[in-house]
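What follows is the content of start.cif (mmCIF, C-alpha atoms and all ligand atoms).
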```cif
data_query
#
loop_
_atom_site.label_atom_id
_atom_site.label_comp_id
_atom_site.auth_asym_id
_atom_site.auth_seq_id
_atom_site.Cartn_x
_atom_site.Cartn_y
_atom_site.Cartn_z
CA MET A 9 -43.82 -1.33 46.89
CA VAL A 10 -45.73 -1.05 43.61
CA PHE A 11 -43.94 0.02 40.45
CA LYS A 12 -45.63 1.49 37.44
CA LYS A 13 -45.25 -0.39 34.19
CA ALA A 14 -42.18 0.80 32.31
CA ILE A 15 -42.73 3.87 30.20
CA HIS A 16 -40.94 3.50 26.92
CA LYS A 17 -38.69 6.55 26.79
CA GLY A 18 -36.05 5.52 24.27
CA GLY A 19 -36.29 5.15 20.54
CA GLY A 20 -35.19 1.50 20.50
CA SER A 21 -37.18 -1.65 21.01
CA MET A 22 -38.38 -2.79 24.45
CA LEU A 23 -36.15 -5.42 26.04
CA ARG A 24 -37.81 -8.31 27.82
CA LEU A 25 -36.00 -9.32 30.97
CA GLY A 26 -35.74 -12.56 32.94
CA VAL A 27 -33.98 -12.59 36.31
CA ILE A 28 -32.31 -15.27 38.42
CA GLY A 29 -32.25 -14.66 42.17
CA THR A 30 -34.69 -12.61 44.21
CA GLY A 31 -32.36 -10.72 46.57
CA TRP A 32 -32.14 -6.94 47.06
CA ILE A 33 -29.60 -6.57 44.27
CA THR A 34 -32.02 -8.06 41.71
CA LYS A 35 -34.62 -5.59 42.90
CA GLN A 36 -32.17 -2.72 42.47
CA PHE A 37 -31.33 -3.90 38.95
CA VAL A 38 -34.98 -4.21 37.91
CA GLU A 39 -35.68 -0.76 39.35
CA ALA A 40 -32.78 0.67 37.33
CA ALA A 41 -34.12 -1.12 34.23
CA GLN A 42 -37.61 0.28 34.79
CA GLU A 43 -36.25 3.78 35.38
CA ASN A 44 -34.35 3.44 32.10
CA GLY A 45 -37.71 2.95 30.44
CA SER A 46 -36.78 0.36 27.82
CA TRP A 47 -37.21 -2.80 29.84
CA GLU A 48 -40.04 -5.05 30.84
CA LEU A 49 -39.63 -7.76 33.47
CA THR A 50 -41.41 -10.89 32.23
CA SER A 51 -39.84 -13.88 34.01
CA VAL A 52 -38.35 -14.68 37.42
CA PHE A 53 -36.42 -17.81 38.40
CA SER A 54 -36.23 -18.75 42.07
CA ARG A 55 -35.87 -21.92 44.09
CA SER A 56 -39.38 -21.18 45.30
CA ILE A 57 -42.24 -20.52 42.87
CA GLU A 58 -44.07 -18.44 45.51
CA LYS A 59 -41.00 -16.23 45.95
CA ALA A 60 -40.63 -15.86 42.17
CA GLU A 61 -44.26 -14.82 41.77
CA GLN A 62 -44.17 -12.49 44.75
CA PHE A 63 -41.03 -10.82 43.40
CA GLY A 64 -42.62 -10.45 39.97
CA ARG A 65 -45.85 -8.95 41.34
CA GLU A 66 -43.92 -6.03 42.80
CA PHE A 67 -43.20 -4.93 39.26
CA SER A 68 -46.07 -6.12 37.09
CA GLU A 69 -49.09 -8.43 37.06
CA ASN A 70 -47.79 -10.24 33.96
CA VAL A 71 -44.53 -11.67 35.30
CA LYS A 72 -44.23 -15.45 35.24
CA GLY A 73 -42.37 -17.36 37.95
CA TYR A 74 -40.24 -20.47 37.38
CA ARG A 75 -38.43 -22.90 39.64
CA ASP A 76 -37.12 -25.14 36.85
CA LEU A 77 -34.10 -23.55 35.18
CA HIS A 78 -34.49 -25.48 31.93
CA GLN A 79 -38.13 -24.38 31.65
CA PHE A 80 -37.18 -20.79 32.54
CA PHE A 81 -34.78 -20.65 29.60
CA SER A 82 -36.84 -22.66 27.11
CA GLU A 83 -40.28 -21.14 27.81
CA GLY A 84 -39.51 -17.75 29.38
CA ASN A 85 -40.63 -14.83 27.22
CA PHE A 86 -37.40 -12.79 27.41
CA GLU A 87 -34.23 -12.13 25.43
CA VAL A 88 -31.98 -10.90 28.27
CA VAL A 89 -31.27 -12.64 31.58
CA TYR A 90 -29.83 -10.89 34.64
CA ILE A 91 -28.09 -13.40 36.93
CA ALA A 92 -27.68 -12.48 40.61
CA SER A 93 -27.25 -15.86 42.25
CA PRO A 94 -24.38 -16.92 44.56
CA ASN A 95 -21.05 -16.62 42.69
CA SER A 96 -20.46 -20.35 42.19
CA LEU A 97 -23.68 -20.67 40.20
CA HIS A 98 -22.92 -17.90 37.69
CA PHE A 99 -20.96 -20.14 35.33
CA GLU A 100 -23.52 -22.89 34.83
CA GLN A 101 -26.45 -20.49 34.66
CA SER A 102 -24.61 -18.32 32.12
CA ARG A 103 -23.69 -21.40 30.11
CA GLN A 104 -27.31 -22.52 29.94
CA ALA A 105 -28.43 -19.01 29.03
CA ILE A 106 -25.99 -18.78 26.13
CA LEU A 107 -27.06 -22.22 24.89
CA ALA A 108 -30.67 -20.98 24.99
CA GLY A 109 -29.69 -17.91 22.93
CA LYS A 110 -30.33 -15.40 25.75
CA HIS A 111 -28.15 -12.34 26.25
CA VAL A 112 -26.47 -12.49 29.67
CA ILE A 113 -25.88 -9.80 32.28
CA VAL A 114 -24.17 -11.65 35.11
CA GLU A 115 -23.29 -10.16 38.47
CA LYS A 116 -19.66 -9.81 39.43
CA PRO A 117 -17.55 -11.91 39.72
CA ALA A 118 -18.66 -13.47 36.43
CA CYS A 119 -16.90 -16.81 36.95
CA SER A 120 -14.99 -18.62 39.71
CA SER A 121 -11.90 -19.36 37.60
CA PRO A 122 -10.21 -18.88 34.20
CA ALA A 123 -11.16 -22.49 33.34
CA GLU A 124 -14.85 -21.58 33.60
CA MET A 125 -14.30 -18.31 31.75
CA LYS A 126 -12.63 -20.13 28.89
CA VAL A 127 -15.65 -22.41 28.40
CA LEU A 128 -17.93 -19.38 28.16
CA GLN A 129 -15.60 -17.58 25.76
CA ARG A 130 -15.57 -20.63 23.53
CA LEU A 131 -19.36 -20.88 23.67
CA LEU A 132 -19.73 -17.18 22.85
CA ARG A 133 -17.68 -17.67 19.73
CA ARG A 134 -20.12 -20.39 18.65
CA TYR A 135 -23.25 -18.42 19.67
CA ASN A 136 -21.88 -15.20 18.30
CA ASN A 137 -25.20 -13.38 18.26
CA VAL A 138 -25.40 -13.64 22.07
CA TYR A 139 -24.15 -10.73 24.20
CA TYR A 140 -22.50 -11.43 27.56
CA PHE A 141 -21.77 -8.73 30.14
CA GLU A 142 -20.30 -8.84 33.62
CA ALA A 143 -22.27 -6.39 35.77
CA ALA A 144 -19.34 -4.45 37.22
CA ARG A 145 -21.45 -1.38 38.00
CA HIS A 146 -18.72 1.20 38.72
CA PHE A 147 -16.89 0.35 35.46
CA HIS A 148 -19.71 2.13 33.58
CA GLU A 149 -19.86 5.23 35.76
CA LEU A 150 -18.66 8.64 34.60
CA ASN A 151 -16.38 9.00 37.65
CA PHE A 152 -14.64 5.74 36.73
CA LEU A 153 -14.14 6.89 33.14
CA LYS A 154 -12.94 10.32 34.31
CA ILE A 155 -10.24 8.67 36.45
CA LYS A 156 -9.23 6.46 33.53
CA GLU A 157 -8.88 9.50 31.27
CA THR A 158 -6.93 11.46 33.93
CA VAL A 159 -4.51 8.57 34.56
CA LYS A 160 -3.90 8.34 30.81
CA GLN A 161 -2.86 12.00 30.79
CA MET A 162 -0.40 11.63 33.69
CA ASP A 163 3.26 11.60 32.58
CA THR A 164 4.38 9.57 35.58
CA ILE A 165 2.57 6.91 37.57
CA GLN A 166 4.08 5.81 40.85
CA GLY A 167 1.42 3.45 42.11
CA ALA A 168 -1.90 3.52 43.92
CA THR A 169 -3.52 2.52 47.18
CA LEU A 170 -7.12 1.42 46.71
CA THR A 171 -9.43 0.49 49.57
CA TYR A 172 -12.84 -1.15 49.74
CA MET A 173 -13.61 -2.59 53.14
CA LYS A 174 -17.17 -2.78 54.44
CA TYR A 175 -18.46 -4.78 57.39
CA SER A 176 -21.01 -7.25 56.03
CA SER A 177 -24.24 -7.87 57.90
CA LYS A 178 -23.76 -11.51 56.83
CA TYR A 179 -20.65 -11.62 59.03
CA ASP A 180 -22.92 -11.53 62.09
CA ASP A 181 -24.46 -14.74 60.76
CA PHE A 182 -21.00 -16.24 60.22
CA LEU A 183 -19.97 -15.29 63.77
CA ALA A 184 -23.14 -17.01 65.02
CA GLY A 185 -21.78 -20.28 63.60
CA ASN A 186 -23.48 -20.33 60.18
CA GLU A 187 -21.90 -20.13 56.71
CA PRO A 188 -23.61 -17.55 54.51
CA ASN A 189 -22.81 -17.94 50.80
CA VAL A 190 -20.61 -14.86 50.65
CA PHE A 191 -18.33 -16.33 53.36
CA SER A 192 -18.23 -19.81 51.83
CA LEU A 193 -15.61 -21.61 49.73
CA ASN A 194 -18.49 -23.72 48.39
CA PHE A 195 -20.09 -20.65 46.82
CA SER A 196 -16.87 -18.92 45.65
CA GLY A 197 -17.24 -16.18 48.25
CA GLY A 198 -14.76 -14.13 50.27
CA ALA A 199 -13.62 -10.52 50.47
CA LEU A 200 -11.49 -10.68 47.33
CA GLN A 201 -14.27 -12.08 45.12
CA ASP A 202 -17.01 -9.94 46.58
CA LEU A 203 -15.36 -6.53 47.02
CA GLY A 204 -11.82 -7.00 45.73
CA VAL A 205 -13.28 -7.54 42.27
CA TYR A 206 -14.11 -3.80 42.10
CA LEU A 207 -10.53 -2.85 42.93
CA VAL A 208 -9.13 -5.32 40.42
CA TYR A 209 -11.41 -3.73 37.82
CA ASP A 210 -9.93 -0.36 38.82
CA ALA A 211 -6.34 -1.56 38.51
CA VAL A 212 -6.77 -3.47 35.24
CA SER A 213 -8.73 -0.62 33.62
CA TRP A 214 -6.52 2.23 34.80
CA PHE A 215 -3.05 0.61 34.74
CA GLY A 216 -3.39 -2.57 32.64
CA LEU A 217 -2.56 -6.16 33.47
CA PRO A 218 0.00 -6.43 36.32
CA ASP A 219 3.28 -8.34 35.83
CA SER A 220 2.81 -10.33 39.06
CA VAL A 221 0.42 -10.38 42.01
CA SER A 222 0.19 -11.66 45.58
CA TYR A 223 -2.50 -11.70 48.25
CA THR A 224 -2.06 -11.90 52.00
CA ALA A 225 -5.41 -12.97 53.41
CA THR A 226 -6.92 -12.85 56.89
CA LYS A 227 -8.66 -16.19 56.79
CA LEU A 228 -11.73 -17.16 58.78
CA ARG A 229 -12.38 -20.55 60.42
CA ASN A 230 -13.41 -22.20 57.10
CA GLY A 231 -10.44 -20.88 55.10
CA ILE A 232 -12.34 -18.05 53.35
CA ASP A 233 -10.74 -14.60 53.28
CA GLY A 234 -12.52 -12.13 55.54
CA LYS A 235 -10.09 -9.39 54.58
CA GLY A 236 -6.73 -9.07 52.90
CA LEU A 237 -4.03 -7.04 51.25
CA ALA A 238 -3.23 -7.55 47.57
CA LEU A 239 -0.12 -6.34 45.79
CA LEU A 240 -0.22 -5.83 42.04
CA ASN A 241 3.27 -5.28 40.64
CA TYR A 242 3.71 -3.23 37.51
CA SER A 243 6.89 -2.23 35.81
CA GLY A 244 8.20 0.58 38.04
CA TYR A 245 5.40 0.70 40.63
CA THR A 246 3.02 -1.26 42.82
CA VAL A 247 -0.73 -0.98 43.31
CA THR A 248 -1.97 -1.97 46.77
CA LEU A 249 -5.53 -3.23 47.27
CA ASN A 250 -7.02 -3.23 50.74
CA VAL A 251 -10.21 -5.33 50.86
CA GLY A 252 -12.44 -6.64 53.60
CA LYS A 253 -15.90 -7.71 54.71
CA ILE A 254 -15.27 -8.12 58.43
CA ALA A 255 -14.25 -4.54 59.28
CA ASN A 256 -15.01 -1.02 58.09
CA SER A 257 -12.39 1.23 56.52
CA TYR A 258 -12.86 4.95 56.08
CA LEU A 259 -9.59 5.47 54.18
CA THR A 260 -9.67 7.38 50.94
CA SER A 261 -8.01 5.85 47.87
CA GLU A 262 -5.16 7.46 45.93
CA ILE A 263 -3.31 7.25 42.65
CA TYR A 264 0.19 8.73 42.68
CA GLY A 265 1.62 10.75 39.82
CA LEU A 266 4.79 12.83 40.23
CA ARG A 267 3.50 15.79 42.22
CA GLU A 268 -0.16 15.22 41.54
CA THR A 269 -2.40 12.70 43.29
CA ILE A 270 -5.88 11.53 42.33
CA ILE A 271 -7.90 11.17 45.52
CA MET A 272 -11.23 9.34 45.62
CA ASP A 273 -13.50 8.88 48.60
CA ASN A 274 -13.92 5.18 47.83
CA ALA A 275 -12.40 3.11 45.04
CA ALA A 276 -15.65 1.27 44.28
CA ASP A 277 -18.38 3.70 45.33
CA LEU A 278 -16.92 6.64 43.46
CA ALA A 279 -18.75 9.73 44.72
CA ASP A 280 -15.98 12.29 45.17
CA VAL A 281 -12.87 12.46 42.96
CA GLN A 282 -10.17 15.16 43.05
CA LEU A 283 -6.83 15.85 41.44
CA VAL A 284 -4.54 17.45 44.01
CA ASP A 285 -1.15 19.06 43.35
CA GLY A 286 0.12 20.84 46.47
CA ALA A 287 -2.32 23.64 47.21
CA THR A 288 -4.13 23.22 43.87
CA LYS A 289 -7.24 21.09 43.89
CA ARG A 290 -9.31 20.21 40.81
CA ILE A 291 -12.69 18.55 41.32
CA LEU A 292 -13.12 15.67 38.87
CA THR A 293 -16.43 14.41 40.27
CA GLN A 294 -19.07 13.74 37.62
CA LYS A 295 -22.82 13.62 38.04
CA THR A 296 -24.11 10.21 39.14
CA ALA A 297 -27.60 8.73 39.14
CA ALA A 298 -29.39 7.87 42.39
CA ASN A 299 -29.57 4.19 41.47
CA PRO A 300 -25.95 2.86 41.41
CA MET A 301 -26.86 0.46 38.60
CA ALA A 302 -28.26 3.14 36.27
CA ALA A 303 -25.02 3.69 34.32
CA GLU A 304 -24.46 0.03 33.48
CA VAL A 305 -28.13 -0.45 32.60
CA SER A 306 -27.90 2.52 30.26
CA ASP A 307 -24.80 1.05 28.54
CA PHE A 308 -26.32 -2.44 28.24
CA THR A 309 -29.57 -0.99 26.91
CA SER A 310 -28.00 0.95 24.08
CA ILE A 311 -26.02 -2.09 23.00
CA LEU A 312 -28.83 -4.61 23.28
CA GLN A 313 -31.25 -2.38 21.41
CA ASP A 314 -28.93 -2.46 18.43
CA PRO A 315 -27.27 -5.87 18.57
CA LEU A 316 -26.38 -5.93 14.87
CA SER A 317 -24.13 -2.89 15.17
CA LEU A 318 -20.48 -3.88 14.75
CA ASP A 319 -19.47 -1.04 17.09
CA ASN A 320 -21.70 -2.50 19.78
CA LYS A 321 -20.25 -5.96 19.23
CA GLN A 322 -16.77 -4.47 19.55
CA LYS A 323 -17.70 -2.68 22.78
CA MET A 324 -18.93 -5.91 24.30
CA GLU A 325 -15.78 -7.72 23.23
CA ASP A 326 -13.62 -4.98 24.76
CA TRP A 327 -15.51 -5.24 28.05
CA LEU A 328 -15.32 -9.02 27.92
CA ALA A 329 -11.56 -8.77 27.49
CA VAL A 330 -11.43 -6.73 30.72
CA SER A 331 -13.64 -9.32 32.49
CA VAL A 332 -11.29 -12.07 31.37
CA GLN A 333 -8.27 -10.17 32.73
CA VAL A 334 -10.01 -9.39 36.02
CA ASN A 335 -10.99 -13.04 36.35
CA ARG A 336 -7.35 -14.08 35.78
CA VAL A 337 -5.98 -11.57 38.32
CA LEU A 338 -8.55 -12.63 40.95
CA TYR A 339 -7.61 -16.26 40.39
CA ASP A 340 -3.88 -15.59 40.62
CA LEU A 341 -4.39 -13.55 43.79
CA ARG A 342 -6.42 -16.20 45.58
CA SER A 343 -4.09 -18.97 44.35
CA SER A 344 -1.18 -17.08 45.94
CA ALA A 345 -3.08 -17.24 49.25
CA ASN A 346 -4.04 -20.91 48.82
CA ILE A 347 -7.75 -20.20 48.70
CA VAL A 348 -9.38 -23.16 46.97
CA PHE A 349 -13.06 -23.12 46.00
CA ARG A 350 -15.31 -26.11 45.53
CA ALA A 351 -15.71 -24.88 41.95
CA ASP A 352 -11.97 -25.48 41.41
CA LYS A 353 -12.33 -29.12 42.37
CA GLU A 354 -15.48 -29.64 40.33
CA PHE A 355 -14.06 -27.96 37.27
CA ARG A 356 -10.52 -28.84 36.28
N1 LIG A 401 -23.42 -5.08 41.92
C1 LIG A 401 -23.60 -4.97 43.21
O1 LIG A 401 -23.59 -3.88 43.77
C2 LIG A 401 -23.87 -6.21 44.00
C3 LIG A 401 -24.32 -6.10 45.30
C4 LIG A 401 -24.62 -7.27 45.99
C5 LIG A 401 -24.44 -8.50 45.38
N2 LIG A 401 -23.95 -8.56 44.13
C6 LIG A 401 -23.72 -9.85 43.47
O2 LIG A 401 -25.01 -10.46 43.28
C7 LIG A 401 -24.92 -11.86 43.46
C8 LIG A 401 -25.91 -12.28 44.53
O3 LIG A 401 -25.51 -11.74 45.77
P1 LIG A 401 -26.43 -11.90 47.05
O4 LIG A 401 -25.75 -11.30 48.19
O5 LIG A 401 -27.83 -11.46 46.73
O6 LIG A 401 -26.38 -13.49 47.19
P2 LIG A 401 -27.29 -14.50 48.00
O7 LIG A 401 -28.21 -13.73 48.89
O8 LIG A 401 -26.44 -15.53 48.60
O9 LIG A 401 -28.14 -15.20 46.85
C9 LIG A 401 -28.81 -14.49 45.84
C10 LIG A 401 -30.06 -15.23 45.41
O10 LIG A 401 -29.69 -16.51 44.93
C11 LIG A 401 -30.58 -17.50 45.43
N3 LIG A 401 -29.83 -18.44 46.28
C12 LIG A 401 -29.37 -18.26 47.53
N4 LIG A 401 -28.75 -19.35 48.00
C13 LIG A 401 -28.82 -20.25 47.02
C14 LIG A 401 -28.36 -21.57 46.90
N5 LIG A 401 -27.76 -22.22 47.91
N6 LIG A 401 -28.61 -22.23 45.75
C15 LIG A 401 -29.27 -21.63 44.73
N7 LIG A 401 -29.72 -20.37 44.79
C16 LIG A 401 -29.50 -19.67 45.91
C17 LIG A 401 -31.64 -16.77 46.25
O11 LIG A 401 -32.77 -16.57 45.44
P3 LIG A 401 -34.01 -17.57 45.56
O12 LIG A 401 -34.22 -17.81 47.02
O13 LIG A 401 -35.10 -16.80 44.95
O14 LIG A 401 -33.65 -18.80 44.81
C18 LIG A 401 -31.01 -15.44 46.57
O15 LIG A 401 -31.93 -14.38 46.61
C19 LIG A 401 -23.46 -12.15 43.82
O16 LIG A 401 -22.78 -12.57 42.68
C20 LIG A 401 -22.92 -10.83 44.31
O17 LIG A 401 -21.54 -10.69 44.06
C21 LIG A 401 -23.68 -7.44 43.44
#
```

In structure tokens, write the structure found in this file.
Amino acid sequence: MVFKKAIHKGGGSMLRLGVIGTGWITKQFVEAAQENGSWELTSVFSRSIEKAEQFGREFSENVKGYRDLHQFFSEGNFEVVYIASPNSLHFEQSRQAILAGKHVIVEKPACSSPAEMKVLQRLLRRYNNVYYFEAARHFHELNFLKIKETVKQMDTIQGATLTYMKYSSKYDDFLAGNEPNVFSLNFSGGALQDLGVYLVYDAVSWFGLPDSVSYTATKLRNGIDGKGLALLNYSGYTVTLNVGKIANSYLTSEIYGLRETIIMDNAADLADVQLVDGATKRILTQKTAANPMAAEVSDFTSILQDPLSLDNKQKMEDWLAVSVQVNRVLYDLRSSANIVFRADKEFR
């Protein structure tokens, strides 16, 4: 596929982008960035220089490939890095990016543990002109914000049941005896980290930080969670999260008020949202872009084009505070199910 060079649509400066990882999600991100019109891909890091160059050529003739991370950060002609590597690598790659003065957009989940998160928070205080974002795509969508606003207006909240369970094509590989990264403790994988993170974002953003949490996991042969049920206890109600990568669920998700219920087709891929009260139904669905990463790219763009704005700095700090809470809840959930990553042993 050949992409035209980005057309500069916005009023702000062009943002030069470097990417880590050459999977489909990186492609989707770069496409969203190009559609936004304010980005130019200049540098690609991969374990293979051929792969990096091939990936780059799909977007422009002028992209440079790297297989040495230090060189990528020190010589790469970019100010923003998008990191879409296996989860366990996010921390070290983000750390090196911040040290190199690059703004970071890191795929979810941003870090494996609160210990890693704390190191990055400390570093960000020192390099306080660097922006750091966790790419939690649905968090930036209008449907997500509409639900947040509607929950805020509800007089009574009596809990929620949120589901995100999708059979992963990588599970076929796991069943064949292999260990793909997303089903590996060594790469901080599992259903909770990979898909549960969206639901934890929902809960923390819509209801706040829970008082206590627990996770009952269906573990696979290596101890990773293939699916599971998480309980988030709040004062007066419980939020149930149903996550999985080894089965498909077609359940809708719900938030319970007194008589009214918010119903969404899927708690992470928010396409259809309604407020139902008996026979009365109000459609809350907002317009969404075709590329699921368009909303987050739009938010990151407006901030990064005006990095000196105190409002922008505040926005990033607010989002970082949510990332930190999500990271803590994910850690507490998996700790309750005795899921231990290699990253936990390497980083104490
Ligand atoms: N926002 C979303 O909708 C969404 C969707 C999917 C995934 N994600 C996130 O994106 C990240 C990547 O997911 P993915 O499924 O693409 O992961 P992946 O296929 O396991 O790895 C992603 C890339 O990292 C590199 N890589 C793979 N194994 C590696 C290893 N052992 N050591 C070093 N580098 C390795 C590969 O690039 P090279 O071969 O070029 O080095 C690969 O293309 C994850 O954090 C995931 O949670 C987000």

Considering only C-alpha atoms and all ligand atoms, tabulate each residue of chain A that lies at most 7 Å from ligand LIG 401 (chain A) along with its nearest interatomic pair and the corresponding distance in Å to one decimal; arrange the rows by chain and ascending residue number and present them as a Markdown table.
```
| residue | atom | partner | partner_atom | distance |
| --- | --- | --- | --- | --- |
| A:Gly29 | CA | A:LIG401 | O11 | 3.8 |
| A:Thr30 | CA | A:LIG401 | O15 | 4.1 |
| A:Gly31 | CA | A:LIG401 | O15 | 3.7 |
| A:Trp32 | CA | A:LIG401 | O5 | 6.3 |
| A:Ile33 | CA | A:LIG401 | C4 | 5.3 |
| A:Phe53 | CA | A:LIG401 | O13 | 6.8 |
| A:Ser54 | CA | A:LIG401 | O13 | 3.7 |
| A:Arg55 | CA | A:LIG401 | O14 | 3.9 |
| A:Ser56 | CA | A:LIG401 | O13 | 6.1 |
| A:Lys59 | CA | A:LIG401 | O13 | 6.0 |
| A:Ala60 | CA | A:LIG401 | O13 | 6.3 |
| A:Ala92 | CA | A:LIG401 | C7 | 4.0 |
| A:Ser93 | CA | A:LIG401 | O10 | 3.7 |
| A:Pro94 | CA | A:LIG401 | O9 | 4.7 |
| A:Asn95 | CA | A:LIG401 | O16 | 4.4 |
| A:Glu115 | CA | A:LIG401 | O16 | 4.9 |
| A:Lys116 | CA | A:LIG401 | O17 | 5.1 |
| A:Pro117 | CA | A:LIG401 | O17 | 6.0 |
| A:Ala143 | CA | A:LIG401 | N1 | 6.4 |
| A:Ala144 | CA | A:LIG401 | N1 | 6.3 |
| A:Arg145 | CA | A:LIG401 | N1 | 5.7 |
| A:Pro188 | CA | A:LIG401 | O8 | 6.9 |
| A:Asn189 | CA | A:LIG401 | O8 | 4.9 |
| A:Val190 | CA | A:LIG401 | O8 | 6.2 |
| A:Asp202 | CA | A:LIG401 | O17 | 5.2 |
```

Pairwise distance for CA of Arg130 in chain A and CA of Leu107 in chain A, rounded to one decimal in Å: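 Pair CA of Arg130 in chain A / CA of Leu107 in chain A returns 11.7 Å.
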
Of the listed residues A:Val247, A:Ala211, A:Ala118, A:Val52, that which approaches Ile155 in chain A most closely, counting all atoms listed in the file: A:Ala211

Atom pair CA of Ile311 in chain A / CA of Val330 in chain A: separation (Å): 17.1 Å

Shell of 7 Å around Tyr264 in chain A, all atoms listed in the file, local chain residues under 3 positions omitted, as a list in words: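 Near Tyr264 in chain A, the qualifying residues are Ile165, Gln166, Gly167, Ala168, Glu268, Thr269 and Ile270 of chain A.
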
Surrounding residues of range 44-48 of chain A excluding itself and chain neighbours under 4 positions, 12 Å, all atoms listed in the file, as a count of residues only: 48

Residue nearest Ile232 in chain A - candidates A:Arg342, A:His98, A:Arg103, A:Lys154, atoms counted: only C-alpha atoms: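 Distance minimum relative to Ile232 in chain A lands on A:Arg342.
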
For Asn256 in chain A, find every residue with an atom within 12 Å (counting all atoms listed in the file), except residues of its own chain fewer than 5 positions away, and show them as an mmCIF file with C-alpha atoms, keeping the file's coordinate frame.
```
data_model
loop_
_atom_site.group_PDB
_atom_site.id
_atom_site.type_symbol
_atom_site.label_atom_id
_atom_site.label_comp_id
_atom_site.auth_asym_id
_atom_site.auth_seq_id
_atom_site.Cartn_x
_atom_site.Cartn_y
_atom_site.Cartn_z
ATOM 1 C CA THR A 171 -9.430 0.490 49.570
ATOM 2 C CA TYR A 172 -12.840 -1.150 49.740
ATOM 3 C CA MET A 173 -13.610 -2.590 53.140
ATOM 4 C CA LYS A 174 -17.170 -2.780 54.440
ATOM 5 C CA TYR A 175 -18.460 -4.780 57.390
ATOM 6 C CA SER A 176 -21.010 -7.250 56.030
ATOM 7 C CA SER A 177 -24.240 -7.870 57.900
ATOM 8 C CA GLY A 234 -12.520 -12.130 55.540
ATOM 9 C CA LYS A 235 -10.090 -9.390 54.580
ATOM 10 C CA ASN A 250 -7.020 -3.230 50.740
ATOM 11 C CA VAL A 251 -10.210 -5.330 50.860
#
```

Using all atoms listed in the file: which of A:Gln62, A:Ser120, A:Gln79, A:Thr224 has the shortest distance to Val332 in chain A: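 Among A:Gln62, A:Ser120, A:Gln79, A:Thr224, it is A:Ser120 that comes nearest to Val332 in chain A.
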
Å distance separating CA of Val208 in chain A from CA of His146 in chain A, one decimal place: 11.7 Å

As a PDB file, in the frame of the given file, could you write out range 102-111 of chain A once it has been completed with N, CA, C and O atoms?
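Produced file out-v6.pdb, reproduced below:
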```pdb
ATOM      1  N   SER A 102     -24.978 -19.082  33.333  1.00  0.00           N
ATOM      2  CA  SER A 102     -24.610 -18.320  32.120  1.00  0.00           C
ATOM      3  C   SER A 102     -24.492 -19.272  30.928  1.00  0.00           C
ATOM      4  O   SER A 102     -24.925 -18.953  29.811  1.00  0.00           O
ATOM      5  N   ARG A 103     -23.889 -20.420  31.181  1.00  0.00           N
ATOM      6  CA  ARG A 103     -23.690 -21.400  30.110  1.00  0.00           C
ATOM      7  C   ARG A 103     -25.051 -21.814  29.519  1.00  0.00           C
ATOM      8  O   ARG A 103     -25.244 -21.818  28.305  1.00  0.00           O
ATOM      9  N   GLN A 104     -25.978 -22.103  30.421  1.00  0.00           N
ATOM     10  CA  GLN A 104     -27.310 -22.520  29.940  1.00  0.00           C
ATOM     11  C   GLN A 104     -28.016 -21.373  29.221  1.00  0.00           C
ATOM     12  O   GLN A 104     -28.737 -21.593  28.254  1.00  0.00           O
ATOM     13  N   ALA A 105     -27.803 -20.169  29.682  1.00  0.00           N
ATOM     14  CA  ALA A 105     -28.430 -19.010  29.030  1.00  0.00           C
ATOM     15  C   ALA A 105     -27.901 -18.847  27.612  1.00  0.00           C
ATOM     16  O   ALA A 105     -28.674 -18.654  26.668  1.00  0.00           O
ATOM     17  N   ILE A 106     -26.593 -18.949  27.466  1.00  0.00           N
ATOM     18  CA  ILE A 106     -25.990 -18.780  26.130  1.00  0.00           C
ATOM     19  C   ILE A 106     -26.517 -19.874  25.192  1.00  0.00           C
ATOM     20  O   ILE A 106     -26.893 -19.607  24.046  1.00  0.00           O
ATOM     21  N   LEU A 107     -26.559 -21.102  25.697  1.00  0.00           N
ATOM     22  CA  LEU A 107     -27.060 -22.220  24.890  1.00  0.00           C
ATOM     23  C   LEU A 107     -28.508 -21.976  24.461  1.00  0.00           C
ATOM     24  O   LEU A 107     -28.934 -22.408  23.389  1.00  0.00           O
ATOM     25  N   ALA A 108     -29.261 -21.265  25.308  1.00  0.00           N
ATOM     26  CA  ALA A 108     -30.670 -20.980  24.990  1.00  0.00           C
ATOM     27  C   ALA A 108     -30.796 -19.720  24.127  1.00  0.00           C
ATOM     28  O   ALA A 108     -31.903 -19.293  23.801  1.00  0.00           O
ATOM     29  N   GLY A 109     -29.657 -19.098  23.795  1.00  0.00           N
ATOM     30  CA  GLY A 109     -29.690 -17.910  22.930  1.00  0.00           C
ATOM     31  C   GLY A 109     -30.092 -16.635  23.643  1.00  0.00           C
ATOM     32  O   GLY A 109     -30.511 -15.656  23.007  1.00  0.00           O
ATOM     33  N   LYS A 110     -29.969 -16.611  24.980  1.00  0.00           N
ATOM     34  CA  LYS A 110     -30.330 -15.400  25.750  1.00  0.00           C
ATOM     35  C   LYS A 110     -29.081 -14.557  25.975  1.00  0.00           C
ATOM     36  O   LYS A 110     -28.016 -15.100  26.309  1.00  0.00           O
ATOM     37  N   HIS A 111     -29.236 -13.242  25.863  1.00  0.00           N
ATOM     38  CA  HIS A 111     -28.150 -12.340  26.250  1.00  0.00           C
ATOM     39  C   HIS A 111     -28.002 -12.411  27.774  1.00  0.00           C
ATOM     40  O   HIS A 111     -28.998 -12.520  28.486  1.00  0.00           O
TER      41      HIS A 111
END
```
